[in-house]
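Containing compact mmCIF, C-alpha atoms: final_4.txt.
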```txt
# COMPACT_ATOMS: atom_id res chain seq x y z
CA MET A 136 -207.47 -119.99 -53.07
CA ILE A 137 -204.89 -121.99 -54.96
CA ASN A 138 -201.90 -123.03 -52.94
CA GLN A 139 -199.20 -120.56 -53.88
CA ILE A 140 -196.18 -122.73 -53.03
CA PRO A 141 -196.21 -125.15 -56.02
CA VAL A 142 -197.02 -122.33 -58.43
CA ASN A 143 -194.09 -120.24 -57.24
CA LEU A 144 -191.76 -123.22 -57.07
CA PHE A 145 -192.59 -124.06 -60.68
CA ARG A 146 -192.08 -120.45 -61.71
CA PHE A 147 -188.73 -120.41 -59.90
CA LEU A 148 -187.51 -123.48 -61.81
CA LEU A 149 -188.82 -122.25 -65.14
CA LEU A 150 -187.22 -118.81 -64.77
CA LEU A 151 -183.94 -120.28 -63.49
CA LEU A 152 -183.70 -122.61 -66.48
CA ALA A 153 -184.71 -119.88 -68.92
CA GLN A 154 -182.12 -117.54 -67.42
CA ILE A 155 -179.13 -119.88 -67.38
CA LEU A 156 -179.82 -121.78 -70.59
CA ILE A 157 -181.19 -119.02 -72.79
CA PHE A 158 -180.87 -115.45 -71.56
CA SER A 159 -177.39 -115.71 -70.11
CA ASN A 160 -176.24 -117.38 -73.32
CA ILE A 161 -177.52 -114.75 -75.72
CA ASN A 162 -174.27 -112.77 -75.85
CA PHE A 163 -176.01 -110.39 -78.20
CA SER A 164 -173.81 -107.50 -77.18
CA SER A 165 -171.89 -106.65 -74.06
CA PHE A 166 -174.37 -103.83 -73.53
CA VAL A 167 -177.57 -105.87 -73.59
CA ASN A 168 -177.73 -108.46 -70.81
CA PRO A 169 -181.36 -109.37 -70.21
CA TYR A 170 -182.14 -110.84 -66.79
CA ILE A 171 -185.62 -112.27 -66.40
CA PHE A 172 -184.96 -114.29 -63.24
CA PRO A 173 -185.82 -111.44 -60.82
CA LEU A 174 -189.40 -111.75 -62.09
CA PHE A 175 -189.70 -114.65 -59.65
CA ILE A 176 -189.27 -112.32 -56.69
CA LEU A 177 -191.40 -109.57 -58.22
CA LEU A 178 -194.30 -112.03 -58.69
CA LEU A 179 -194.36 -113.50 -55.17
CA PRO A 180 -197.76 -113.05 -53.43
CA PHE A 181 -198.52 -109.59 -52.08
CA GLU A 182 -199.02 -110.99 -48.61
CA THR A 183 -195.51 -112.50 -48.34
CA PRO A 184 -193.94 -111.19 -45.13
CA ARG A 185 -190.90 -109.02 -45.62
CA TRP A 186 -188.47 -111.27 -43.80
CA LEU A 187 -189.57 -114.14 -46.05
CA LEU A 188 -189.19 -111.98 -49.19
CA MET A 189 -185.63 -111.24 -48.15
CA LEU A 190 -184.76 -114.87 -47.40
CA ILE A 191 -186.34 -116.11 -50.64
CA GLY A 192 -184.53 -113.38 -52.55
CA PHE A 193 -181.21 -114.26 -50.97
CA PHE A 194 -181.43 -118.01 -51.60
CA ALA A 195 -182.95 -117.71 -55.07
CA GLY A 196 -180.15 -115.30 -56.02
CA LEU A 197 -177.58 -117.69 -54.61
CA ALA A 198 -179.04 -120.52 -56.72
CA LEU A 199 -178.64 -118.36 -59.83
CA ASP A 200 -175.09 -117.44 -58.76
CA VAL A 201 -174.08 -121.09 -58.60
CA PHE A 202 -174.97 -121.54 -62.26
CA LEU A 203 -173.67 -118.25 -63.55
CA GLY A 204 -170.43 -118.39 -61.57
CA SER A 205 -171.07 -114.94 -60.11
CA THR A 206 -170.97 -115.95 -56.45
CA GLY A 207 -172.90 -113.56 -54.24
CA MET A 208 -173.69 -110.83 -56.78
CA HIS A 209 -177.15 -111.99 -57.87
CA ALA A 210 -177.91 -112.95 -54.27
CA ALA A 211 -177.15 -109.38 -53.22
CA ALA A 212 -179.30 -107.88 -55.99
CA CYS A 213 -182.23 -110.29 -55.44
CA LEU A 214 -182.06 -109.55 -51.72
CA LEU A 215 -182.21 -105.83 -52.49
CA ILE A 216 -185.37 -106.03 -54.57
CA GLY A 217 -186.90 -108.46 -52.04
CA TYR A 218 -186.30 -105.85 -49.37
CA LEU A 219 -187.48 -102.86 -51.40
CA ARG A 220 -190.49 -104.54 -53.07
CA PRO A 221 -193.08 -103.58 -50.41
CA PHE A 222 -192.01 -99.90 -50.61
CA LEU A 223 -192.15 -100.01 -54.39
CA ILE A 224 -195.64 -101.52 -54.47
CA ASN A 225 -196.84 -98.96 -51.92
CA ILE A 226 -195.51 -96.07 -53.94
CA ILE A 227 -196.83 -97.04 -57.36
CA THR A 228 -200.23 -98.43 -56.40
CA PRO A 229 -203.13 -95.95 -56.12
CA LYS A 230 -204.82 -95.96 -52.71
CA GLY A 231 -207.86 -98.17 -52.39
CA THR A 232 -206.87 -100.67 -55.06
CA GLU A 233 -208.03 -104.23 -54.41
CA PHE A 234 -205.26 -106.76 -54.68
CA GLU A 235 -205.23 -110.23 -56.14
CA ILE A 236 -203.16 -112.84 -54.35
CA SER A 237 -200.13 -112.23 -56.56
CA PRO A 238 -199.25 -109.46 -59.00
CA ASN A 239 -201.09 -110.34 -62.20
CA VAL A 240 -200.72 -108.51 -65.47
CA TYR A 241 -204.43 -108.82 -66.26
CA ALA A 242 -205.51 -107.59 -62.83
CA GLN A 243 -203.01 -104.78 -62.27
CA GLY A 244 -202.90 -103.65 -65.88
CA LEU A 245 -200.04 -103.24 -68.31
CA THR A 246 -199.04 -99.71 -67.27
CA TRP A 247 -198.70 -100.66 -63.62
CA PHE A 248 -196.63 -103.66 -64.59
CA VAL A 249 -194.29 -101.79 -66.89
CA ILE A 250 -193.61 -99.25 -64.14
CA TYR A 251 -193.26 -101.99 -61.51
CA LEU A 252 -190.87 -104.12 -63.57
CA GLY A 253 -189.01 -101.08 -64.91
CA ILE A 254 -188.22 -99.64 -61.47
CA GLY A 255 -187.57 -103.10 -60.01
CA MET A 256 -185.11 -104.01 -62.77
CA LEU A 257 -183.48 -100.57 -62.68
CA LEU A 258 -182.70 -101.16 -58.99
CA TYR A 259 -181.62 -104.73 -59.62
CA LEU A 260 -179.35 -104.12 -62.59
CA THR A 261 -177.84 -100.89 -61.27
CA PHE A 262 -176.87 -102.71 -58.11
CA TYR A 263 -175.72 -105.81 -59.95
CA PHE A 264 -173.63 -104.05 -62.60
CA LEU A 265 -172.06 -101.76 -60.02
CA MET A 266 -171.00 -104.81 -58.00
CA GLU A 267 -169.80 -106.60 -61.09
CA ALA A 268 -167.88 -103.57 -62.33
CA ALA A 269 -166.26 -102.84 -58.96
CA THR A 270 -162.97 -102.01 -60.64
CA PHE A 271 -164.19 -100.38 -63.87
CA TYR A 272 -164.88 -96.71 -63.80
CA ASN A 273 -166.44 -95.97 -67.14
CA PHE A 274 -169.76 -94.65 -65.87
CA LEU A 275 -171.17 -93.58 -69.20
CA LEU A 276 -170.78 -97.07 -70.65
CA LEU A 277 -172.19 -98.53 -67.45
CA LEU A 278 -175.21 -96.26 -67.71
CA VAL A 279 -175.86 -97.28 -71.32
CA LYS A 280 -175.49 -100.91 -70.30
CA ILE A 281 -177.96 -100.54 -67.42
CA ILE A 282 -180.58 -98.75 -69.49
CA LEU A 283 -180.41 -101.12 -72.46
CA SER A 284 -180.42 -104.16 -70.19
CA VAL A 285 -183.41 -102.89 -68.21
CA ILE A 286 -185.37 -102.35 -71.41
CA ALA A 287 -184.46 -105.82 -72.76
CA SER A 288 -185.27 -107.46 -69.41
CA VAL A 289 -188.66 -105.78 -69.12
CA VAL A 290 -189.60 -106.72 -72.68
CA PHE A 291 -188.71 -110.38 -72.11
CA MET A 292 -190.48 -110.36 -68.75
CA LEU A 293 -193.65 -109.04 -70.34
CA ILE A 294 -193.49 -111.76 -72.99
CA PHE A 295 -193.10 -114.30 -70.20
CA LEU A 296 -196.04 -112.79 -68.31
CA PHE A 297 -198.36 -112.88 -71.29
CA LEU A 298 -197.37 -116.48 -71.99
CA PHE A 299 -197.83 -117.78 -68.47
CA SER A 300 -200.30 -115.52 -66.61
CA SER A 301 -203.69 -116.95 -65.86
CA ARG A 302 -206.37 -115.01 -67.64
CA GLN A 303 -209.21 -116.10 -65.38
CA LYS A 304 -208.41 -113.42 -62.88
CA ARG A 305 -209.04 -110.76 -65.45
CA ARG A 306 -211.27 -107.99 -64.24
CA TYR A 307 -213.44 -105.95 -66.50
CA VAL A 308 -213.76 -102.52 -64.98
CA MET B 1309 -195.60 -98.07 -27.22
CA TYR B 1310 -197.10 -99.67 -30.29
CA ASN B 1311 -195.25 -97.21 -32.48
CA LEU B 1312 -192.04 -97.95 -30.70
CA LEU B 1313 -192.55 -101.67 -31.25
CA ARG B 1314 -193.23 -101.07 -34.91
CA PHE B 1315 -190.11 -99.01 -35.19
CA PHE B 1316 -188.03 -101.84 -33.74
CA LEU B 1317 -189.68 -104.33 -36.06
CA ARG B 1318 -188.64 -102.23 -39.02
CA TYR B 1319 -185.21 -101.72 -37.62
CA TYR B 1320 -184.83 -105.45 -37.12
CA LEU B 1321 -185.67 -106.16 -40.77
CA PHE B 1322 -183.14 -103.58 -41.84
CA ILE B 1323 -180.46 -105.25 -39.73
CA VAL B 1324 -181.23 -108.63 -41.32
CA PHE B 1325 -181.08 -106.96 -44.75
CA ILE B 1326 -177.75 -105.33 -44.13
CA SER B 1327 -176.16 -108.44 -42.63
CA LEU B 1328 -177.28 -110.60 -45.58
CA GLU B 1329 -175.90 -108.00 -48.00
CA VAL B 1330 -172.59 -108.05 -46.15
CA LEU B 1331 -172.58 -111.85 -46.49
CA CYS B 1332 -173.15 -111.49 -50.25
CA PHE B 1333 -170.32 -108.98 -50.57
CA TYR B 1334 -168.07 -111.31 -48.64
CA LEU B 1335 -168.92 -114.23 -50.97
CA THR B 1336 -168.30 -112.05 -54.01
CA TYR B 1337 -165.03 -110.80 -52.62
CA ARG B 1338 -163.89 -114.34 -51.86
CA SER B 1339 -164.82 -115.75 -55.25
CA ARG B 1340 -162.81 -113.02 -56.96
CA HIS B 1341 -159.68 -114.39 -55.36
CA TYR B 1342 -159.38 -117.52 -57.36
CA ASN B 1343 -156.66 -119.18 -55.33
CA GLN B 1344 -158.77 -119.80 -52.29
CA ALA B 1345 -161.87 -120.84 -54.18
CA ALA B 1346 -162.79 -124.03 -52.33
CA TYR B 1347 -166.42 -123.01 -52.39
CA ILE B 1348 -166.46 -122.33 -56.12
CA ASN B 1349 -165.13 -125.82 -56.78
CA VAL B 1350 -168.20 -127.48 -55.31
CA ALA B 1351 -170.48 -125.12 -57.17
CA ASN B 1352 -168.65 -125.66 -60.44
CA SER B 1353 -168.95 -129.43 -60.21
CA ALA B 1354 -172.72 -129.18 -59.91
CA SER B 1355 -173.22 -126.51 -62.55
CA GLY B 1356 -170.65 -128.15 -64.81
CA LYS B 1357 -172.70 -131.31 -64.85
CA ALA B 1358 -175.89 -129.40 -65.62
CA TYR B 1359 -174.30 -127.49 -68.50
CA LYS B 1360 -172.81 -130.65 -69.89
CA ILE B 1361 -176.23 -132.27 -70.07
CA PHE B 1362 -177.62 -129.21 -71.82
CA HIS B 1363 -174.78 -129.14 -74.32
CA THR B 1364 -175.10 -132.77 -75.32
CA GLY B 1365 -178.36 -131.69 -76.92
CA VAL B 1366 -176.96 -128.57 -78.55
CA ASP B 1367 -173.87 -130.36 -79.83
CA TYR B 1368 -175.83 -132.48 -82.22
CA LEU B 1369 -175.80 -129.49 -84.52
CA TYR B 1370 -172.02 -129.58 -84.59
CA LEU B 1371 -171.72 -133.25 -85.44
CA ARG B 1372 -169.86 -134.07 -82.33
CA SER B 1373 -168.26 -137.39 -83.17
CA VAL B 1374 -166.76 -136.13 -86.39
CA ASN B 1375 -165.33 -133.13 -84.57
CA ASP B 1376 -163.93 -135.23 -81.76
CA SER B 1377 -161.85 -137.35 -84.08
CA LEU B 1378 -160.69 -134.31 -86.05
CA VAL B 1379 -159.54 -132.33 -83.03
CA ALA B 1380 -157.76 -135.33 -81.57
CA GLU B 1381 -155.86 -135.60 -84.81
CA ASN B 1382 -155.11 -131.88 -84.75
CA ALA B 1383 -153.76 -132.13 -81.22
CA ALA B 1384 -151.42 -134.89 -82.29
CA LEU B 1385 -150.27 -132.78 -85.23
CA ARG B 1386 -149.77 -129.71 -83.09
CA ALA B 1387 -147.56 -131.69 -80.75
CA LYS B 1388 -145.32 -132.30 -83.76
CA LEU B 1389 -144.98 -128.64 -84.72
CA PRO B 1390 -141.55 -127.07 -84.22
CA GLU B 1391 -143.03 -124.72 -81.60
CA SER B 1392 -143.86 -127.70 -79.41
CA ARG B 1393 -140.28 -128.88 -79.31
CA LEU B 1394 -137.53 -127.88 -77.02
CA ASP B 1395 -134.24 -127.66 -78.79
CA ASN B 1396 -132.13 -130.29 -77.09
CA LYS B 1397 -129.00 -129.79 -79.17
CA ILE B 1398 -125.93 -129.04 -77.16
CA ASP B 1399 -123.20 -126.72 -78.45
CA SER B 1400 -120.68 -128.33 -80.71
CA VAL B 1401 -117.90 -127.93 -78.19
CA GLN B 1402 -119.92 -130.05 -75.80
CA MET B 1403 -120.32 -133.78 -75.90
CA HIS B 1404 -122.76 -135.46 -78.24
CA ASP B 1405 -126.17 -136.18 -76.84
CA SER B 1406 -127.31 -139.66 -77.67
CA SER B 1407 -130.98 -138.99 -76.93
CA GLY B 1408 -131.50 -137.05 -80.13
CA ARG B 1409 -131.94 -133.39 -80.90
CA TYR B 1410 -135.54 -132.79 -79.87
CA VAL B 1411 -137.63 -133.71 -76.86
CA GLN B 1412 -141.29 -132.97 -76.38
CA HIS B 1413 -141.89 -129.59 -74.76
CA PHE B 1414 -145.62 -129.02 -75.13
CA VAL B 1415 -148.47 -131.47 -75.46
CA TYR B 1416 -152.06 -130.58 -76.21
CA VAL B 1417 -155.21 -131.97 -74.64
CA THR B 1418 -158.48 -131.32 -76.46
CA ALA B 1419 -161.45 -130.17 -74.44
CA ARG B 1420 -164.96 -129.15 -75.19
CA VAL B 1421 -166.35 -125.78 -74.05
CA ILE B 1422 -169.45 -126.34 -71.96
CA ARG B 1423 -170.01 -122.77 -70.88
CA ASN B 1424 -168.74 -119.47 -72.14
CA SER B 1425 -169.54 -115.81 -71.92
CA VAL B 1426 -168.23 -112.63 -73.54
CA ASN B 1427 -170.21 -109.91 -71.80
CA GLN B 1428 -168.91 -109.95 -68.22
CA PRO B 1429 -165.99 -107.94 -66.85
CA ALA B 1430 -164.27 -111.29 -66.11
CA ASN B 1431 -165.34 -113.96 -68.56
CA LEU B 1432 -164.87 -117.58 -67.60
CA ILE B 1433 -164.95 -120.62 -69.88
CA TYR B 1434 -165.83 -124.04 -68.52
CA LEU B 1435 -164.25 -127.15 -70.04
CA ASP B 1436 -165.38 -130.77 -69.81
CA LYS B 1437 -161.95 -132.10 -68.81
CA GLY B 1438 -160.18 -131.83 -65.47
CA GLN B 1439 -157.53 -133.27 -63.19
CA LEU B 1440 -158.29 -136.88 -64.17
CA GLN B 1441 -157.40 -135.96 -67.76
CA GLY B 1442 -154.19 -134.32 -66.60
CA ILE B 1443 -155.37 -130.71 -66.62
CA ASN B 1444 -154.19 -128.44 -63.82
CA SER B 1445 -154.17 -124.75 -62.97
CA HIS B 1446 -151.75 -122.55 -64.89
CA MET B 1447 -151.97 -124.22 -68.25
CA GLY B 1448 -152.55 -122.18 -71.37
CA VAL B 1449 -155.61 -122.69 -73.54
CA VAL B 1450 -155.61 -122.08 -77.30
CA ASN B 1451 -157.78 -122.97 -80.25
CA SER B 1452 -157.12 -123.20 -83.94
CA ASN B 1453 -157.39 -119.40 -84.36
CA GLY B 1454 -155.36 -118.18 -81.43
CA ILE B 1455 -155.05 -117.95 -77.67
CA VAL B 1456 -158.11 -118.40 -75.47
CA GLY B 1457 -156.93 -118.03 -71.87
CA TRP B 1458 -155.46 -120.06 -69.04
CA ILE B 1459 -156.78 -122.59 -66.54
CA ILE B 1460 -157.47 -121.09 -63.13
CA ASN B 1461 -159.33 -123.90 -61.42
CA THR B 1462 -159.97 -127.60 -61.87
CA THR B 1463 -162.14 -130.33 -60.40
CA PRO B 1464 -161.65 -134.05 -61.23
CA ASN B 1465 -163.67 -133.72 -64.44
CA TYR B 1466 -164.02 -130.02 -65.21
CA ALA B 1467 -161.81 -127.00 -65.56
CA VAL B 1468 -162.40 -123.26 -65.56
CA VAL B 1469 -160.48 -121.01 -67.91
CA MET B 1470 -159.87 -117.33 -67.35
CA SER B 1471 -160.58 -116.05 -70.84
CA VAL B 1472 -158.44 -113.40 -72.54
CA LEU B 1473 -161.59 -111.31 -72.05
CA SER B 1474 -160.92 -110.85 -68.33
CA LYS B 1475 -159.61 -107.80 -66.58
CA ASP B 1476 -157.00 -109.94 -64.77
CA PHE B 1477 -155.66 -111.64 -67.89
CA LYS B 1478 -152.21 -110.69 -69.08
CA VAL B 1479 -149.96 -112.38 -71.59
CA SER B 1480 -146.53 -111.62 -72.95
CA ALA B 1481 -146.92 -110.86 -76.68
CA LYS B 1482 -144.62 -109.76 -79.47
CA LEU B 1483 -144.76 -108.28 -82.93
CA LYS B 1484 -144.08 -111.18 -85.24
CA LYS B 1485 -142.05 -109.19 -87.76
CA ASN B 1486 -139.49 -107.67 -85.40
CA GLU B 1487 -139.80 -109.59 -82.11
CA TYR B 1488 -140.44 -106.51 -79.94
CA PHE B 1489 -142.47 -107.72 -76.98
CA GLY B 1490 -144.94 -106.22 -74.54
CA ASN B 1491 -147.89 -107.03 -72.34
CA LEU B 1492 -151.29 -107.76 -73.82
CA HIS B 1493 -154.55 -107.46 -71.93
CA TRP B 1494 -158.23 -107.04 -72.73
CA ASP B 1495 -159.59 -103.52 -73.24
CA GLY B 1496 -162.62 -104.43 -71.09
CA ILE B 1497 -165.22 -103.25 -73.58
CA ASN B 1498 -165.27 -105.14 -76.82
CA SER B 1499 -165.01 -108.93 -77.13
CA THR B 1500 -162.81 -108.56 -80.23
CA THR B 1501 -160.25 -106.02 -79.02
CA ALA B 1502 -157.24 -106.14 -76.70
CA THR B 1503 -154.53 -103.65 -75.83
CA LEU B 1504 -150.80 -104.21 -76.30
CA GLU B 1505 -148.58 -102.13 -74.05
CA GLU B 1506 -144.89 -101.51 -73.51
CA ILE B 1507 -143.86 -101.48 -77.16
CA PRO B 1508 -141.36 -98.59 -77.38
CA LYS B 1509 -142.24 -95.60 -79.54
CA HIS B 1510 -139.42 -96.04 -82.01
CA VAL B 1511 -140.64 -99.45 -83.13
CA PRO B 1512 -142.18 -99.31 -86.61
CA VAL B 1513 -145.74 -100.60 -86.38
CA LYS B 1514 -148.28 -100.82 -89.18
CA ILE B 1515 -152.00 -101.50 -89.07
CA GLY B 1516 -152.47 -105.19 -89.82
CA ASP B 1517 -149.18 -106.36 -88.26
CA THR B 1518 -149.40 -109.79 -86.66
CA ILE B 1519 -149.16 -110.17 -82.88
CA VAL B 1520 -148.13 -113.58 -81.51
CA THR B 1521 -147.19 -115.01 -78.11
CA SER B 1522 -143.61 -114.37 -77.11
CA GLY B 1523 -143.04 -117.72 -75.40
CA TYR B 1524 -141.61 -115.88 -72.36
CA SER B 1525 -144.37 -117.14 -70.10
CA ASP B 1526 -144.50 -120.82 -69.24
CA LEU B 1527 -148.15 -120.96 -70.32
CA PHE B 1528 -147.96 -120.70 -74.09
CA PRO B 1529 -145.50 -121.87 -76.74
CA ARG B 1530 -144.02 -119.08 -78.82
CA ASN B 1531 -145.61 -117.87 -82.06
CA ILE B 1532 -149.19 -118.75 -81.16
CA MET B 1533 -151.44 -116.28 -82.98
CA ILE B 1534 -153.06 -113.56 -80.88
CA GLY B 1535 -154.33 -111.06 -83.42
CA THR B 1536 -153.50 -108.16 -85.69
CA VAL B 1537 -152.90 -104.47 -85.06
CA ARG B 1538 -156.14 -102.55 -85.46
CA ASP B 1539 -154.89 -99.13 -84.52
CA PHE B 1540 -152.03 -97.49 -82.63
CA LYS B 1541 -151.44 -94.18 -80.95
CA SER B 1542 -148.29 -92.42 -79.94
CA LYS B 1543 -148.92 -90.02 -77.08
CA ALA B 1544 -146.52 -87.23 -76.27
CA ASP B 1545 -146.47 -87.93 -72.53
CA LYS B 1546 -145.64 -91.61 -72.86
CA ASN B 1547 -142.59 -93.55 -73.93
CA PHE B 1548 -144.64 -96.45 -75.22
CA LEU B 1549 -147.19 -96.95 -77.97
CA ASP B 1550 -150.87 -97.65 -77.29
CA ILE B 1551 -151.65 -100.51 -79.64
CA SER B 1552 -155.15 -101.80 -80.09
CA VAL B 1553 -155.28 -105.40 -81.29
CA ASN B 1554 -158.00 -107.29 -83.16
CA LEU B 1555 -158.14 -110.68 -81.45
CA SER B 1556 -157.99 -113.55 -83.92
CA THR B 1557 -159.96 -115.89 -81.67
CA ASN B 1558 -163.70 -115.52 -81.99
CA PHE B 1559 -164.84 -115.86 -78.39
CA GLY B 1560 -168.50 -115.82 -79.35
CA ASN B 1561 -168.49 -119.31 -80.86
CA LEU B 1562 -165.82 -121.34 -79.09
CA SER B 1563 -166.60 -125.04 -79.11
CA TYR B 1564 -163.33 -126.96 -78.95
CA VAL B 1565 -160.07 -125.80 -77.43
CA TYR B 1566 -156.62 -127.22 -76.75
CA VAL B 1567 -155.14 -127.14 -73.28
CA VAL B 1568 -151.39 -126.63 -73.48
CA LYS B 1569 -149.35 -128.75 -71.07
CA ASN B 1570 -145.85 -127.46 -70.62
CA LEU B 1571 -143.76 -130.51 -69.76
CA LYS B 1572 -140.84 -128.33 -68.68
CA ARG B 1573 -142.83 -126.02 -66.42
CA ASN B 1574 -141.57 -127.53 -63.17
CA GLU B 1575 -138.02 -127.06 -64.31
CA ILE B 1576 -138.62 -123.37 -64.98
CA LEU B 1577 -140.37 -122.92 -61.64
CA THR B 1578 -137.45 -124.58 -59.85
CA LEU B 1579 -135.09 -122.27 -61.67
CA ASP B 1580 -137.25 -119.29 -60.65
CA SER B 1581 -137.23 -120.24 -56.99
CA LEU B 1582 -133.50 -120.85 -57.04
CA THR B 1583 -132.94 -117.44 -58.61
CA ASN B 1584 -135.19 -115.69 -56.12
CA LYS B 1585 -133.47 -117.43 -53.22
CA ASN B 1586 -130.15 -116.07 -54.35
CA ASP B 1587 -131.41 -112.51 -54.47
```
Represent the supplied structure as structure tokens.
Amino acid sequence: MINQIPVNLFRFLLLLLAQILIFSNINFSSFVNPYIFPLFILLLPFETPRWLLMLIGFFAGLALDVFLGSTGMHAAACLLIGYLRPFLINIITPKGTEFEISPNVYAQGLTWFVIYLGIGMLLYLTFYFLMEAATFYNFLLLLVKIILSVIASVVFMLIFLFLFSSRQKRRYV
Amino acid sequence: MYNLLRFFLRYYLFIVFISLEVLCFYLTYRSRHYNQAAYINVANSASGKAYKIFHTGVDYLYLRSVNDSLVAENAALRAKLPESRLDNKIDSVQMHDSSGRYVQHFVYVTARVIRNSVNQPANLIYLDKGQLQGINSHMGVVNSNGIVGWIINTTPNYAVVMSVLSKDFKVSAKLKKNEYFGNLHWDGINSTTATLEEIPKHVPVKIGDTIVTSGYSDLFPRNIMIGTVRDFKSKADKNFLDISVNLSTNFGNLSYVYVVKNLKRNEILTLDSLTNKND
């Protein structure tokens, strides 16, 4: 078993840099704000205890907040998906599936991953945009923004996964 | 018993979750009130440094040194514009003033944008100059195309600007052709559009009319470009027009801006406090 700490630490740094230097600078449209940083929390090992998931989520989100100037909002959203992740995995995984150490796109399959990331990001961005928009009440625009941003985020996350996932764990069923 | 224990374990996690969320909400709430943002200052110093390093690479594309000298020259020229002067002439019945007719009213400090966004409900712009370069809160920020925002926070070497594209931004603006003034704020949706309010219905407005700063606030000199009228509506239940304005500043590609220092601001503030005391 490879030690998971350096791998996850490296992934944290890589995603943080990618988020603040590239994805938060895209400014493509005010409706498409891709966030790929939450992938860090979604890819933590399956065995991570829930209290640790929450703490990691909170502090990782806070680190992102410092750079994006959005104090507390990403921390709140990362904490939310850290807390809900075990439920989500339970719901979408068929009973009797063998797990790798961490979620892996080659082991779990593309469909599982799209659903996993899609629901995860829907929770994340809905929560985040609602917090951000606290004083706006244009729900239709907000809804469009959430949906487009979830799609963009998931697409970029999948690109990231295919670039950086280790193929050795691939299982031929 | 085991089930009971498990229930408490779950419950305990939920309590931790909720209390951390409350902490997050508290941080968010606090950071939205810019005046007491001691925490954000520390964070901005660190992130400001990081962004500056990143931008030194990116700036190569913009031929930084050439730009630096050009904007410095522009700032000097702007300081000589009539709008930067305060008319110091005293009425003819008064005595003659030996110090000359004009004194400097506004000076401009150039700054480089090291971080910017256009897609948030409150967009902030980070500049690479701060208190050591004489920049303080409540100074206007403009660029060669129009107004950009005002400074809300500074550290010794960095400053944060509340962009026009912020729900809390408001500026006094007027129609250039007939001097009718109103309040301008962002429409919250599009990074190129703002809304001008409080222009009475009887005022003749045409699409394409120029909107400039009124000079009534102590942040901006008068006649700084804001934008042009895109569209206007006259609603039956309102006494004022709804004017939608095309902003002349392109917030998507800001790289250099001028911070406006109002040399007479303290005088106006003193006057304000005197007036309020008398009320």
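In this structure, CA of Val1330 in chain B sits 20.0 Å away from CA of Pro173 in chain A.
The residue set within 8 Å of range 284-296 of chain A, counting only C-alpha atoms and dropping same-chain residues fewer than 5 places from it, reads Phe166, Val167, Asn168, Pro169, Tyr170, Ile171, Leu174, Val240, Val249, Leu252, Gly253, Met256, Leu257 and Leu260 of chain A.
Taking CA of Gly1535 in chain B and CA of Ser205 in chain A as endpoints, the distance between them is 29.0 Å.
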Please produce, as JSON lines, a per-residue contact table for chain A versus chain B (criterion: any atom at most 6 Å away, only C-alpha atoms considered), showing the nearest atom pair and its distance in Å to one decimal, sorted by chain then residue number.
```
{"residue": "A:Ser165", "atom": "CA", "partner": "B:Asn1427", "partner_atom": "CA", "distance": 4.3}
{"residue": "A:Val201", "atom": "CA", "partner": "B:Ala1351", "partner_atom": "CA", "distance": 5.6}
{"residue": "A:Phe202", "atom": "CA", "partner": "B:Ser1355", "partner_atom": "CA", "distance": 5.3}
{"residue": "A:Thr206", "atom": "CA", "partner": "B:Thr1336", "partner_atom": "CA", "distance": 5.3}
{"residue": "A:Gly207", "atom": "CA", "partner": "B:Cys1332", "partner_atom": "CA", "distance": 4.5}
{"residue": "A:Ala211", "atom": "CA", "partner": "B:Cys1332", "partner_atom": "CA", "distance": 5.4}
```
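As for CA of Leu1389 in chain B and CA of Arg1530 in chain B, they are spaced 11.3 Å apart.
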Next on the checklist: I'd like the contact shell of range 1449-1466 of chain B - 9 Å cut-off, all atoms listed in the file, skipping same-chain residues fewer than 5 positions apart - returned as a PyMOL selection string.
Outcome noted: chain B and resi 1342-1343+1345+1349-1350+1352-1353+1356-1357+1382+1433-1441+1443-1444+1471-1474+1477+1479+1520-1521+1527-1528+1532-1535+1555-1559+1562+1564-1568
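Neighbours of Leu188 in chain A closer than or equal to 8 Å, with all atoms listed in the file counted and sequence neighbours fewer than 3 positions away skipped, come out as Ile176, Thr183, Pro184, Arg185, Ile191, Gly192, Leu214, Gly217 and Tyr218 of chain A.
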Checklist outcome for this item: Leu152 in chain A proximity check over A:Phe172, A:Lys280, A:Ser300, A:Ile224, using only C-alpha atoms: winner is A:Phe172
Next on the checklist: I'd like the contact shell of range 1506-1517 of chain B - 12 Å cut-off, all atoms listed in the file, skipping same-chain residues fewer than 2 positions apart - returned as a ChimeraX atom specification.
Outcome noted: /B:1480-1493,1503-1504,1519-1520,1533-1556
